[in-house]
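**Q** Okay, so here is structure-v3.txt, and as you'll see once you scroll down, it has compact mmCIF, C-alpha atoms.
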# COMPACT_ATOMS: atom_id res chain seq x y z
CA MET A 284 103.26 95.79 107.44
CA PRO A 285 101.97 96.85 110.89
CA LEU A 286 104.40 96.91 113.79
CA ALA A 287 103.67 94.94 116.97
CA ASN A 288 105.22 96.18 120.18
CA HIS A 289 105.78 95.21 123.81
CA VAL A 290 106.43 98.69 125.16
CA LYS A 291 103.65 98.47 127.74
CA GLU A 292 104.96 95.16 129.11
CA HIS A 293 108.54 96.41 129.39
CA ARG A 294 107.35 99.63 130.99
CA ALA A 295 105.30 97.65 133.50
CA ARG A 296 108.39 95.53 134.22
CA LEU A 297 110.28 98.70 135.16
CA GLY A 298 107.27 99.98 137.13
CA ILE A 299 107.16 103.40 135.50
CA ASN A 300 104.30 105.35 133.95
CA GLN A 301 104.11 106.79 130.41
CA GLN A 302 105.16 110.24 131.59
CA GLU A 303 108.31 108.89 133.26
CA LEU A 304 109.26 106.72 130.28
CA GLY A 305 108.72 109.73 128.01
CA GLN A 306 111.09 111.83 130.15
CA ARG A 307 113.75 109.11 130.10
CA ILE A 308 113.71 108.68 126.31
CA GLY A 309 113.14 112.34 125.44
CA ALA A 310 109.56 112.05 124.21
CA SER A 311 106.18 113.22 125.44
CA ARG A 312 103.68 111.09 127.36
CA GLN A 313 101.43 111.38 124.32
CA THR A 314 104.06 109.84 122.03
CA VAL A 315 104.61 106.93 124.42
CA SER A 316 100.84 106.40 124.54
CA LEU A 317 100.56 106.48 120.72
CA ILE A 318 103.42 103.98 120.38
CA GLU A 319 101.85 101.61 122.91
CA ARG A 320 98.51 101.79 121.10
CA GLY A 321 100.23 101.03 117.78
CA ASP A 322 99.12 104.38 116.36
CA TYR A 323 102.64 105.62 115.74
CA ASN A 324 105.85 103.94 114.55
CA PRO A 325 108.72 105.66 116.39
CA SER A 326 111.90 106.93 114.77
CA ILE A 327 115.10 104.85 114.95
CA THR A 328 116.52 107.29 117.52
CA LEU A 329 113.55 106.86 119.84
CA THR A 330 113.52 103.10 119.33
CA LEU A 331 117.20 102.80 120.27
CA ARG A 332 116.70 105.01 123.34
CA MET A 333 113.80 102.81 124.38
CA ALA A 334 115.86 99.63 123.93
CA ARG A 335 118.64 101.15 126.04
CA GLU A 336 116.18 102.16 128.76
CA PHE A 337 114.57 98.71 128.87
CA GLY A 338 117.96 96.97 128.64
CA VAL A 339 116.83 94.67 125.82
CA PRO A 340 117.49 94.46 122.06
CA VAL A 341 115.13 96.38 119.77
CA GLU A 342 113.71 93.10 118.41
CA GLU A 343 112.35 92.28 121.87
CA ILE A 344 110.34 95.49 121.89
CA PHE A 345 109.23 95.75 118.26
CA SER A 346 108.47 93.13 115.63
CA LEU A 347 106.68 92.96 112.32
CA GLU A 348 103.13 91.79 113.04
CA GLY A 349 102.74 88.08 112.45
CA GLU A 350 106.44 87.36 112.91
CA GLU A 351 107.98 85.75 115.98
CA THR A 352 109.61 88.02 118.53
CA HIS A 353 113.00 87.22 120.08
CA GLU A 354 111.88 86.60 123.66
CA MET B 156 87.45 100.74 87.52
CA ASN B 157 90.07 101.53 84.88
CA LYS B 158 91.97 104.71 85.83
CA THR B 159 91.56 106.27 82.35
CA VAL B 160 87.78 105.64 82.39
CA LYS B 161 87.63 107.11 85.90
CA PHE B 162 89.58 110.20 84.77
CA VAL B 163 87.32 110.71 81.71
CA LEU B 164 84.24 110.35 83.98
CA TYR B 165 85.67 112.99 86.33
CA ILE B 166 86.18 115.37 83.39
CA LEU B 167 82.64 114.71 82.09
CA GLY B 168 81.23 115.22 85.61
CA GLY B 169 83.16 118.49 85.92
CA ALA B 170 81.89 119.67 82.53
CA LEU B 171 78.32 118.78 83.54
CA VAL B 172 78.56 120.67 86.84
CA GLY B 173 80.19 123.61 85.03
CA GLY B 174 77.44 123.54 82.39
CA VAL B 175 74.67 123.53 85.00
CA LEU B 176 76.37 126.36 86.91
CA GLY B 177 76.94 128.36 83.73
CA PHE B 178 73.34 127.83 82.61
CA GLY B 179 72.09 128.90 86.06
CA VAL B 180 74.17 132.05 85.97
CA VAL B 181 73.00 132.96 82.47
CA TRP B 182 69.38 132.28 83.45
CA LEU B 183 69.66 134.44 86.56
CA GLY B 184 71.47 137.13 84.58
CA MET B 185 68.69 137.23 82.00
CA ASN B 186 65.65 136.88 84.22
CA GLY B 187 67.08 137.82 87.60
CA LEU B 188 65.05 138.44 90.73
CA ASP B 189 62.81 141.49 90.66
CA THR B 190 63.54 144.37 93.05
CA LYS B 191 60.62 143.56 95.35
CA SER B 192 61.64 139.90 95.80
CA LEU B 193 65.25 140.93 96.28
CA ALA B 194 64.29 143.43 99.01
CA ALA B 195 62.12 140.82 100.76
CA LEU B 196 64.96 138.30 100.61
CA GLU B 197 67.45 140.80 102.04
CA GLY B 198 65.01 141.87 104.79
CA GLY B 199 64.34 138.26 105.76
CA MET B 200 68.04 137.43 105.85
CA ALA B 201 68.76 140.56 107.94
CA LEU B 202 66.19 139.41 110.52
CA ALA B 203 67.25 135.79 110.50
CA ALA B 204 71.02 136.41 110.74
CA PRO B 205 71.16 137.64 114.40
CA ALA B 206 68.80 134.85 115.47
CA LEU B 207 71.02 132.28 113.75
CA GLN B 208 74.11 133.88 115.33
CA ALA B 209 72.56 133.61 118.81
CA LEU B 210 71.58 130.00 118.08
CA ALA B 211 75.14 129.22 116.94
CA ILE B 212 76.60 130.74 120.13
CA LEU B 213 74.19 128.81 122.33
CA ALA B 214 74.49 125.46 120.52
CA CYS B 215 78.27 125.54 120.10
CA SER B 216 78.97 126.74 123.66
CA LEU B 217 76.74 124.04 125.11
CA ALA B 218 78.32 121.38 122.89
CA ALA B 219 81.84 122.51 123.87
CA ALA B 220 80.90 122.47 127.57
CA ARG B 221 79.52 118.98 127.17
CA TYR B 222 82.70 117.71 125.48
CA MET B 223 84.81 119.31 128.22
CA LYS B 224 82.70 117.67 130.91
CA HIS B 225 83.42 114.32 129.24
CA ALA B 226 87.12 115.20 128.92
CA ARG B 227 87.35 116.12 132.62
CA ARG B 228 85.74 112.83 133.61
CA LEU B 229 88.32 110.94 131.53
CA ALA B 230 91.13 113.09 132.97
CA ALA B 231 89.99 112.19 136.49
CA ALA B 232 90.28 108.50 135.54
CA LEU B 233 93.75 109.23 134.11
CA GLU B 234 94.83 110.90 137.33
CA ALA B 235 93.55 107.85 139.19
CA GLY B 236 96.05 105.76 137.19
CA ASP B 237 94.13 104.66 134.08
CA GLU B 238 96.61 105.78 131.40
CA ASP B 239 94.38 104.52 128.54
CA GLN B 240 92.05 107.48 129.19
CA ALA B 241 94.65 110.11 128.18
CA GLU B 242 94.07 110.01 124.41
CA PRO B 243 90.24 109.95 124.60
CA ALA B 244 90.41 112.91 127.04
CA LEU B 245 92.62 114.85 124.61
CA GLU B 246 90.34 113.97 121.70
CA ALA B 247 87.31 115.30 123.60
CA ALA B 248 89.21 118.52 124.41
CA ASP B 249 90.26 118.87 120.74
CA THR B 250 86.63 118.52 119.67
CA ALA B 251 85.60 121.20 122.18
CA ILE B 252 88.22 123.58 120.72
CA ASN B 253 86.98 122.88 117.18
CA VAL B 254 83.35 123.42 118.18
CA LEU B 255 84.28 126.85 119.59
CA GLU B 256 86.18 127.58 116.37
CA LEU B 257 83.05 126.66 114.42
CA GLN B 258 81.02 129.02 116.63
CA GLN B 259 83.37 131.89 115.79
CA MET B 260 83.23 131.14 112.06
CA LEU B 261 79.43 130.92 112.01
CA VAL B 262 78.99 134.15 113.96
CA MET B 263 81.41 136.02 111.69
CA PHE B 264 80.01 134.45 108.50
CA LEU B 265 76.43 135.39 109.37
CA MET B 266 77.21 139.02 110.24
CA PRO B 267 77.26 140.38 106.62
CA PHE B 268 73.72 139.02 106.09
CA ALA B 269 72.46 141.30 108.89
CA MET B 270 73.81 144.44 107.22
CA ALA B 271 70.54 145.67 105.72
CA PRO B 272 69.73 149.39 106.05
CA GLY B 273 67.25 150.28 108.81
CA GLY B 274 66.30 148.20 111.86
CA TYR B 275 68.44 146.90 114.68
CA SER B 276 69.82 143.81 112.90
CA PRO B 277 73.32 145.23 112.21
CA LEU B 278 73.65 146.45 115.82
CA VAL B 279 72.45 143.16 117.36
CA SER B 280 74.63 141.17 114.99
CA GLY B 281 77.70 143.28 115.83
CA LEU B 282 76.98 142.91 119.57
CA LEU B 283 76.75 139.14 119.19
CA VAL B 284 80.17 139.12 117.49
CA VAL B 285 81.59 141.24 120.32
CA VAL B 286 80.12 138.79 122.86
CA SER B 287 81.27 135.67 120.97
CA VAL B 288 84.93 136.63 120.39
CA PRO B 289 85.99 136.84 124.09
CA MET B 290 83.80 133.82 124.90
CA VAL B 291 85.69 131.74 122.33
CA ILE B 292 89.13 133.05 123.34
CA LEU B 293 88.51 132.48 127.06
CA GLY B 294 86.96 129.07 126.38
CA GLN B 295 89.86 127.96 124.19
CA GLY B 296 92.33 129.28 126.79
CA ARG B 297 90.72 127.11 129.45
CA ILE B 298 90.79 124.07 127.17
CA VAL B 299 94.47 124.69 126.35
CA ASN B 300 95.19 124.82 130.11
CA PHE B 301 93.35 121.53 130.49
CA ILE B 302 95.44 119.95 127.69
CA ARG B 303 98.58 121.28 129.38
CA ARG B 304 97.56 119.52 132.60
CA ILE B 305 97.65 116.20 130.71
CA ASN B 306 100.69 117.16 128.59
CA PRO B 307 102.81 119.40 130.86
CA GLU B 308 105.54 119.83 128.23
CA LYS B 309 103.21 121.90 126.01
CA ARG B 310 104.05 125.59 125.76
CA GLY B 311 102.27 128.70 124.48
CA ASP B 312 99.59 131.11 125.63
CA ILE B 313 96.41 131.40 123.52
CA ARG B 314 96.44 135.21 123.99
CA ASP B 315 99.91 135.37 122.47
CA LEU B 316 100.28 135.90 118.69
CA LYS B 317 103.11 133.35 118.68
CA PHE B 318 100.90 130.68 120.24
CA ASN B 319 100.82 128.34 117.22
CA LYS B 320 104.59 128.53 116.76
CA GLU B 321 105.35 127.87 120.45
CA TRP B 322 102.82 125.05 120.61
CA TYR B 323 104.29 123.37 117.52
CA GLU B 324 107.82 123.71 118.88
CA SER B 325 106.79 121.98 122.11
CA CYS B 326 105.47 118.98 120.14
CA ASP B 327 107.70 115.96 119.66
CA GLU B 328 108.06 113.63 116.66
CA ALA B 329 104.74 111.75 116.88
CA GLU B 330 102.70 114.91 117.32
CA ARG B 331 104.57 116.72 114.56
CA GLN B 332 103.86 113.82 112.21
CA LYS B 333 100.16 113.98 113.10
CA ILE B 334 100.10 117.75 112.57
CA GLY B 335 101.97 117.35 109.25
CA ARG B 336 99.55 114.76 107.91
CA ALA B 337 96.49 116.75 109.02
CA SER B 338 97.96 119.92 107.47
CA TYR B 339 98.60 118.18 104.15
CA ARG B 340 95.01 116.94 104.05
CA ALA B 341 93.85 120.48 104.85
CA VAL B 342 96.01 121.90 102.02
CA LEU B 343 94.55 119.44 99.50
CA ALA B 344 90.97 120.17 100.59
CA THR B 345 91.52 123.96 100.57
CA GLN B 346 93.18 123.78 97.14
CA THR B 347 90.19 121.90 95.68
CA VAL B 348 87.68 124.33 97.21
CA LEU B 349 89.64 127.37 96.01
CA LEU B 350 89.89 126.01 92.44
CA VAL B 351 86.16 125.23 92.32
CA LEU B 352 85.40 128.72 93.67
CA LEU B 353 87.70 130.25 91.05
CA VAL B 354 85.79 128.46 88.27
CA VAL B 355 82.46 129.63 89.75
CA VAL B 356 83.73 133.23 90.10
CA VAL B 357 85.02 133.26 86.49
CA LEU B 358 81.69 131.88 85.22
CA VAL B 359 79.71 134.44 87.22
CA ARG B 360 82.01 137.24 86.05
CA MET B 361 81.27 136.33 82.41
CA VAL B 362 77.61 137.20 82.91
CA VAL B 363 77.29 139.55 85.87
CA PRO B 364 78.95 142.95 85.51
CA GLY B 365 81.57 143.88 88.09
CA ASP B 366 85.31 143.78 88.75
CA ASN B 367 87.75 140.90 89.06
CA LEU B 368 88.51 141.41 92.78
CA ALA B 369 87.08 138.05 93.88
CA ALA B 370 89.10 136.16 91.24
CA TRP B 371 92.30 138.02 92.21
CA CYS B 372 91.69 137.24 95.91
CA LEU B 373 91.19 133.54 95.12
CA LEU B 374 94.30 133.48 92.94
CA ALA B 375 96.31 135.14 95.75
CA ALA B 376 95.04 132.48 98.20
CA ILE B 377 95.94 129.65 95.78
CA LEU B 378 99.41 131.12 95.18
CA THR B 379 100.02 131.56 98.92
CA LEU B 380 99.01 127.95 99.51
CA LYS B 381 101.26 126.64 96.72
CA ILE B 382 104.27 128.75 97.70
CA SER B 383 104.05 127.94 101.43
CA LEU B 384 103.67 124.22 100.64
CA TRP B 385 106.67 124.36 98.29
CA ARG B 386 108.77 126.29 100.86
CA GLY B 387 107.71 123.89 103.62
CA SER B 388 108.70 120.86 101.51
CA ARG B 389 112.09 122.42 100.76
CA ALA B 390 112.69 123.16 104.46
CA GLU B 391 111.77 119.58 105.37
CA LYS B 392 114.14 118.16 102.72
CA LYS B 393 116.94 120.22 104.25
CA GLY B 394 116.03 118.85 107.69
CA GLY B 395 114.56 122.11 108.90
CA ASN B 396 111.17 122.84 110.39
CA ALA B 397 108.25 123.75 108.16
CA ARG B 398 106.31 126.69 109.58
Give the structure from this file in structure tokens form.

**A**
Amino acid sequence: MPLANHVKEHRARLGINQQELGQRIGASRQTVSLIERGDYNPSITLTLRMAREFGVPVEEIFSLEGEETHE
Amino acid sequence: MNKTVKFVLYILGGALVGGVLGFGVVWLGMNGLDTKSLAALEGGMALAAPALQALAILACSLAAARYMKHARRLAAALEAGDEDQAEPALEAADTAINVLELQQMLVMFLMPFAMAPGGYSPLVSGLLVVVSVPMVILGQGRIVNFIRRINPEKRGDIRDLKFNKEWYESCDEAERQKIGRASYRAVLATQTVLLVLLVVVVLVRMVVPGDNLAAWCLLAAILTLKISLWRGSRAEKKGGNAR
């Protein structure tokens, strides 16, 4: 089942670009871009780092497409 | 369609192709081309090869330059803050690299056809190869620098023999997954082509006199492919990096 994500929205909330988010979570700008576009499902490690950076639970960033997110 | 029916159809199709190939080889072996036609064919190919090489250099270089122009335009938009342009810019740069790779392959592939005795074809063909190689290396180096401008974490110098290794090591999980999937597809395609070539070579060998060098070379390539895939899979299972 495809994964829906709100990475772009959370990144915009923090006011940082893809490059900066990549540096903070230990990934490249390209990986952040691929995740935002839904072209890549990140590893658990990267997902947890992202959740920590955004200060929200993982479920608020990622959800199974068609299912409700915990907003 | 039922899988068994599909499998049987594949086998029948393979047998048909093999039969046609085998018949063709036997027919050529029995009737063959006469010496005069063969000489005319070789002479024509020797003349055409350098012209085709020059055409390949011109067409591929122009196409690569065009893709890079597009990539630079997208990169300018990226630098202006439009982050959605990053991937299309990288895709255009990737295409430019592949077009230059194609140029190199075509120029090298066509060179043996120019090697007819007499005339300037071998010299011109060799010169075109000498011109094309640095063109491709310099062009790819510039494209790699462009990619590095968008992805500053990328490492490796195209003139370095360790370029592929350093580049791979500077890739993170998403890129490594993409490379892994593309490599697996490439392995499957190469394996199929090598097996088909092996069948063709064995069929030809049955009719045309000669040695088994081509078959041994193909077998060595198939074995290398299988062993490196097997070693790579083992390394991945142990959590290491496949090279």

**Q** Set the cut-off to 10 Å and count only C-alpha atoms: what are the residues of chain A that reach chain B? Output as an MDAnalysis selection string.

**A** chainID A and resid 300:302 306 309:320 322:326 329

**Q** I'd like the interatomic distance between atom CA of B:Asp249 and atom CA of A:Glu303, to a tenth of an Å.

**A**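 Atom CA of A:Glu303 lies 24.1 Å from atom CA of B:Asp249.
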
**Q** Rounded to one decimal, what separation in Å do you get between atom CA of B:Val291 and atom CA of B:Val254?

**A** 9.6 Å

**Q** Please provide the set of residues having any atom within 8 Å of A:Phe337, restricted to all atoms listed in the file, with same-chain residues fewer than 3 positions apart removed, written as a list of chain:residue names.

**A**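 Those residues are A:His293, A:Arg294, A:Leu297, A:Met333, A:Ala334.
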
**Q** For each of B:Ala230, B:Ala204, B:Leu171, B:Ala218, take the minimum atom-to-atom distance to B:Gly281, counting only C-alpha atoms, then give the residue where this is smallest.

**A**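 Checking each candidate against B:Gly281, we get B:Ala204 as the closest.
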
**Q** Which is closer to A:Arg335 than all the others in A:Gly298, A:Leu286, A:Arg307, A:Leu347, using all atoms listed in the file?

**A**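 Using all atoms listed in the file, A:Arg335 sits closest to A:Arg307.
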
**Q** Using all atoms listed in the file for the distances, tell me which of A:Gly321, A:Thr328, A:Ile308, A:Gly338 is nearest to A:Arg296.

**A** A:Gly338

**Q** Just how far from atom CA of B:Asp237 is atom CA of A:Lys291, in Å to one decimal?

**A** 13.0 Å

**Q** Please define a box with edges along x, y and z of the file around all atoms of stretch 359-366 of chain B given in the file, extend it by 5 Å on each side, and return its centre and edge lengths in Å to one decimal, as lines of an AutoDock Vina configuration file.

**A**
center_x = 81.3
center_y = 139.2
center_z = 85.6
size_x = 18.0
size_y = 19.4
size_z = 16.3
